[in-house]
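All remarks here apply to the structure that follows.
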Amino acid sequence: MNQDKAIATPKRTREILEKYGFYFKKSLGQNFIIDVNTLENIVYNAGVDNQAGVIEIGPGIGALTEQLAKKADKVLAFEIDQRLLPILDQTLQPYDNIRVVNQDILKADVPRIMEEYFDQGQPVHVVANLPYYITTPILMNLLMAHLPIDSITVMIQKEVADRMAAEPNTKSYGSLSIAVQYYTEAKVVMDVPKTVFMPQPNVGSAVLHLAMRQQPAVQVDNETFYFEIVRASFVQRRKTIMNNLSRHFKDRLDKDAVRAALEQADIEMQRRGESLTMEEFARLANVFNALG
Ligand code: SAM
C-alpha cells in the first residue's frame, strides 16, 4: 500500500481523530504512532511472516494493526476502549484477516480466544505498542500464562525495556530482569524517538524483543520460592546478599543458617544481589528450599 494512504501519518491520523471527534485518554496510555517506518521496523523485528498469527494489544486507530495485517496470516487485536471500535471498523476495512476483541487484555480469556481464532500449530507472535501504565502486568501475565506463543515484540518505556533485558552487574539488573529472562531471551532492538507519537509521551521509548524459551532458563525446585529469594535479594540494592536474606528470613532462620546456606550454594556472603546470575539464584533458592 502507498505510504500516503497508510493510517500512520500525521495527516491521516488527524483526519481520523477529527472525523470521529476522538480525544486521547491519558489514563489508557493512548499515544498513537504516526510513522510508517517505525512500524515496519517493529514488524520486521517481530519476525512476522505470512504463516504467522499475531496478537496485538491496543490497536488504537489501527496504525500497527494495518502493517501487521499486510505481513501476517491473521491478526487478533484486543482493545479496551469502546470508542475505537467504529473507527477500527472503518480504518481496517480493506483487510479481511483481522479480528478486534473489545476486552481488557488483563481480563480476557486469551488461551480460549487464541484457540478459536488461530489455526492449530500456527506460530503466534505478540506485537504491540503497549499502554505504558500497565506494561509489566501485561507482560508478566502473558509469560506466566504459558501461552503457545513464539515471541513478544513490544514498544515500551525505554527504562523498563532496559531493566527487562539487563545483565548482571549493571544498574538496570534486578528482579524484573530475572522474572522476564526466566521465560525468555530478552533484547532491546531499537530506541524510538518521541516524535513518532501523537501525542508525544513524557518518557523515552524502546522496542523489546522477547524470544520464548522452550524450558525456563534455570531449573528450580520451587518457582514461587525462587522468585521470593530473587526479590528479597534486591530489597536493598546496596546491601550484601547476606544482609538482605538474613533480614528476609529473620523469623524463620538465624544468621548462622543463612551463612551456611550461602556457603552450600557457593555464594560469597559479601556479594550483592546485582552480581548474581540466574543460575546462582537457582542454586541458592534450591538450597534454601531444601531447608523447608
Ligand atoms: N497500537 C496503536 C498505535 O501504535 O498507534 C495504539 C497504541 S497506544 C500506546 C495503547 C492502546 O492500548 C490504546 O489504544 C489503548 O486504548 C489500549 N489499551 C489500554 N489499556 C488496555 C487494556 N487493558 N487492554 C487492551 N487495550 C488497552
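Chain labels run A, B, ... following the order of the C-alpha cells; each chain numbers its residues from 1, and ligands are numbered from 1 in the order shown.
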
*Surrounding residues of Ala63 of chain A excluding itself and chain neighbours under 3 positions, 10 Å, only C-alpha atoms, as a PyMOL selection string*: chain A and resi 6-9+13+32-36+39+59-60+66-68+88+91-92+129

*Cut-off 7 Å, only C-alpha atoms and all ligand atoms, neighbours of ligand 1 as a ChimeraX atom specification*: /A:28-34,57-65,78-81,103-106,128-132

Writer output for current selection, C-alpha atoms, as a short mmCIF file (atom, residue, chain, number, x, y, z; two decimals), in the first residue's frame:
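Full text of again_22.cif as output:
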data_model
loop_
_atom_site.label_atom_id
_atom_site.label_comp_id
_atom_site.auth_asym_id
_atom_site.auth_seq_id
_atom_site.Cartn_x
_atom_site.Cartn_y
_atom_site.Cartn_z
CA LEU A 28 -5.47 4.43 28.87
CA GLY A 29 -1.91 5.17 27.73
CA GLN A 30 -3.09 6.41 24.34
CA ASN A 31 -0.06 7.54 22.33
CA PHE A 32 -0.56 6.60 18.69
CA ILE A 33 2.25 6.05 16.19
CA ILE A 34 2.34 8.37 13.20
CA ILE A 57 -2.67 -5.37 22.43
CA GLY A 58 -4.26 -1.95 22.00
CA PRO A 59 -4.71 -1.32 18.26
CA GLY A 60 -5.75 2.32 18.80
CA ILE A 61 -6.91 3.55 15.38
CA GLY A 62 -5.15 0.64 13.67
CA ALA A 63 -1.74 2.09 12.76
CA LEU A 64 0.28 -1.01 13.69
CA THR A 65 -2.61 -3.41 13.05
CA PHE A 78 -7.54 -6.62 22.00
CA GLU A 79 -8.77 -3.06 22.55
CA ILE A 80 -10.31 -1.86 25.81
CA ASP A 81 -11.65 1.49 24.54
CA GLN A 103 -11.79 -6.56 26.04
CA ASP A 104 -9.27 -5.62 28.68
CA ILE A 105 -6.19 -7.76 27.94
CA LEU A 106 -5.70 -8.28 31.68
CA ALA A 128 2.22 -4.18 20.32
CA ASN A 129 2.81 -0.59 21.18
CA LEU A 130 1.79 -1.16 24.78
CA PRO A 131 -0.11 1.21 27.06
CA TYR A 132 2.81 2.14 29.34
#

*asked:* as a ChimeraX atom specification, please: the residues near segment 49-56 of chain A (cut-off 7 Å, only C-alpha atoms, same-chain neighbours under 6 positions excluded).
replied: /A:71-78,118,122-128

_DSSP on the backbone: which residues in segment 53-199 of chain A end up as alpha helix (DSSP H)? Give the answer as a ChimeraX atom specification._
/A:63-71,85-91,110-117,135-144,158-164,175-183

May I have the residues from that selection written out with C-alpha atoms, as a PDB file, in the first residue's frame?
ATOM      1  CA  ALA A  63      -1.735   2.086  12.761  1.00  0.00           C
ATOM      2  CA  LEU A  64       0.277  -1.015  13.690  1.00  0.00           C
ATOM      3  CA  THR A  65      -2.610  -3.410  13.054  1.00  0.00           C
ATOM      4  CA  GLU A  66      -2.606  -2.419   9.384  1.00  0.00           C
ATOM      5  CA  GLN A  67       1.140  -3.092   8.977  1.00  0.00           C
ATOM      6  CA  LEU A  68       0.728  -6.434  10.750  1.00  0.00           C
ATOM      7  CA  ALA A  69      -2.230  -7.447   8.588  1.00  0.00           C
ATOM      8  CA  LYS A  70      -0.125  -6.825   5.473  1.00  0.00           C
ATOM      9  CA  LYS A  71       2.562  -9.301   6.592  1.00  0.00           C
ATOM     10  CA  LEU A  85     -14.402   0.154  17.599  1.00  0.00           C
ATOM     11  CA  PRO A  86     -16.317   2.120  14.920  1.00  0.00           C
ATOM     12  CA  ILE A  87     -13.051   3.789  13.933  1.00  0.00           C
ATOM     13  CA  LEU A  88     -11.228   0.466  13.543  1.00  0.00           C
ATOM     14  CA  ASP A  89     -14.189  -0.880  11.576  1.00  0.00           C
ATOM     15  CA  GLN A  90     -13.584   1.804   9.017  1.00  0.00           C
ATOM     16  CA  THR A  91      -9.771   2.141   9.011  1.00  0.00           C
ATOM     17  CA  VAL A 110      -6.617 -15.235  25.872  1.00  0.00           C
ATOM     18  CA  PRO A 111      -5.961 -19.005  25.550  1.00  0.00           C
ATOM     19  CA  ARG A 112      -9.600 -19.659  24.605  1.00  0.00           C
ATOM     20  CA  ILE A 113      -9.783 -16.809  22.088  1.00  0.00           C
ATOM     21  CA  MET A 114      -6.460 -17.877  20.562  1.00  0.00           C
ATOM     22  CA  GLU A 115      -7.671 -21.431  20.163  1.00  0.00           C
ATOM     23  CA  GLU A 116     -10.855 -20.229  18.487  1.00  0.00           C
ATOM     24  CA  TYR A 117      -9.155 -17.877  16.047  1.00  0.00           C
ATOM     25  CA  THR A 135       3.426  -2.753  30.725  1.00  0.00           C
ATOM     26  CA  THR A 136       4.701  -5.017  33.487  1.00  0.00           C
ATOM     27  CA  PRO A 137       1.367  -6.652  34.434  1.00  0.00           C
ATOM     28  CA  ILE A 138       0.592  -7.297  30.747  1.00  0.00           C
ATOM     29  CA  LEU A 139       3.969  -8.882  30.041  1.00  0.00           C
ATOM     30  CA  MET A 140       4.142 -10.897  33.260  1.00  0.00           C
ATOM     31  CA  ASN A 141       0.576 -12.170  32.699  1.00  0.00           C
ATOM     32  CA  LEU A 142       1.454 -13.281  29.165  1.00  0.00           C
ATOM     33  CA  LEU A 143       4.635 -15.007  30.346  1.00  0.00           C
ATOM     34  CA  MET A 144       3.116 -16.723  33.364  1.00  0.00           C
ATOM     35  CA  LYS A 158      12.875   2.666  27.490  1.00  0.00           C
ATOM     36  CA  GLU A 159      13.814   2.425  31.139  1.00  0.00           C
ATOM     37  CA  VAL A 160      11.578  -0.625  31.597  1.00  0.00           C
ATOM     38  CA  ALA A 161      12.921  -2.258  28.401  1.00  0.00           C
ATOM     39  CA  ASP A 162      16.472  -1.787  29.717  1.00  0.00           C
ATOM     40  CA  ARG A 163      15.531  -3.352  33.055  1.00  0.00           C
ATOM     41  CA  MET A 164      13.857  -6.341  31.425  1.00  0.00           C
ATOM     42  CA  SER A 175      14.193  -8.913  39.947  1.00  0.00           C
ATOM     43  CA  LEU A 176      12.298  -7.764  36.818  1.00  0.00           C
ATOM     44  CA  SER A 177      15.242  -8.782  34.571  1.00  0.00           C
ATOM     45  CA  ILE A 178      15.253 -12.227  36.142  1.00  0.00           C
ATOM     46  CA  ALA A 179      11.474 -12.665  36.023  1.00  0.00           C
ATOM     47  CA  VAL A 180      11.432 -11.876  32.285  1.00  0.00           C
ATOM     48  CA  GLN A 181      14.603 -13.757  31.368  1.00  0.00           C
ATOM     49  CA  TYR A 182      13.465 -16.855  33.237  1.00  0.00           C
ATOM     50  CA  TYR A 183      10.867 -17.309  30.475  1.00  0.00           C
TER      51      TYR A 183
END

_Residue list (strand (DSSP E), DSSP) for segment 45-270 of chain A, as a PyMOL selection string_ = chain A and resi 53-57+74-78+98-101+124-129+151-157+184-192+197-198+205-212
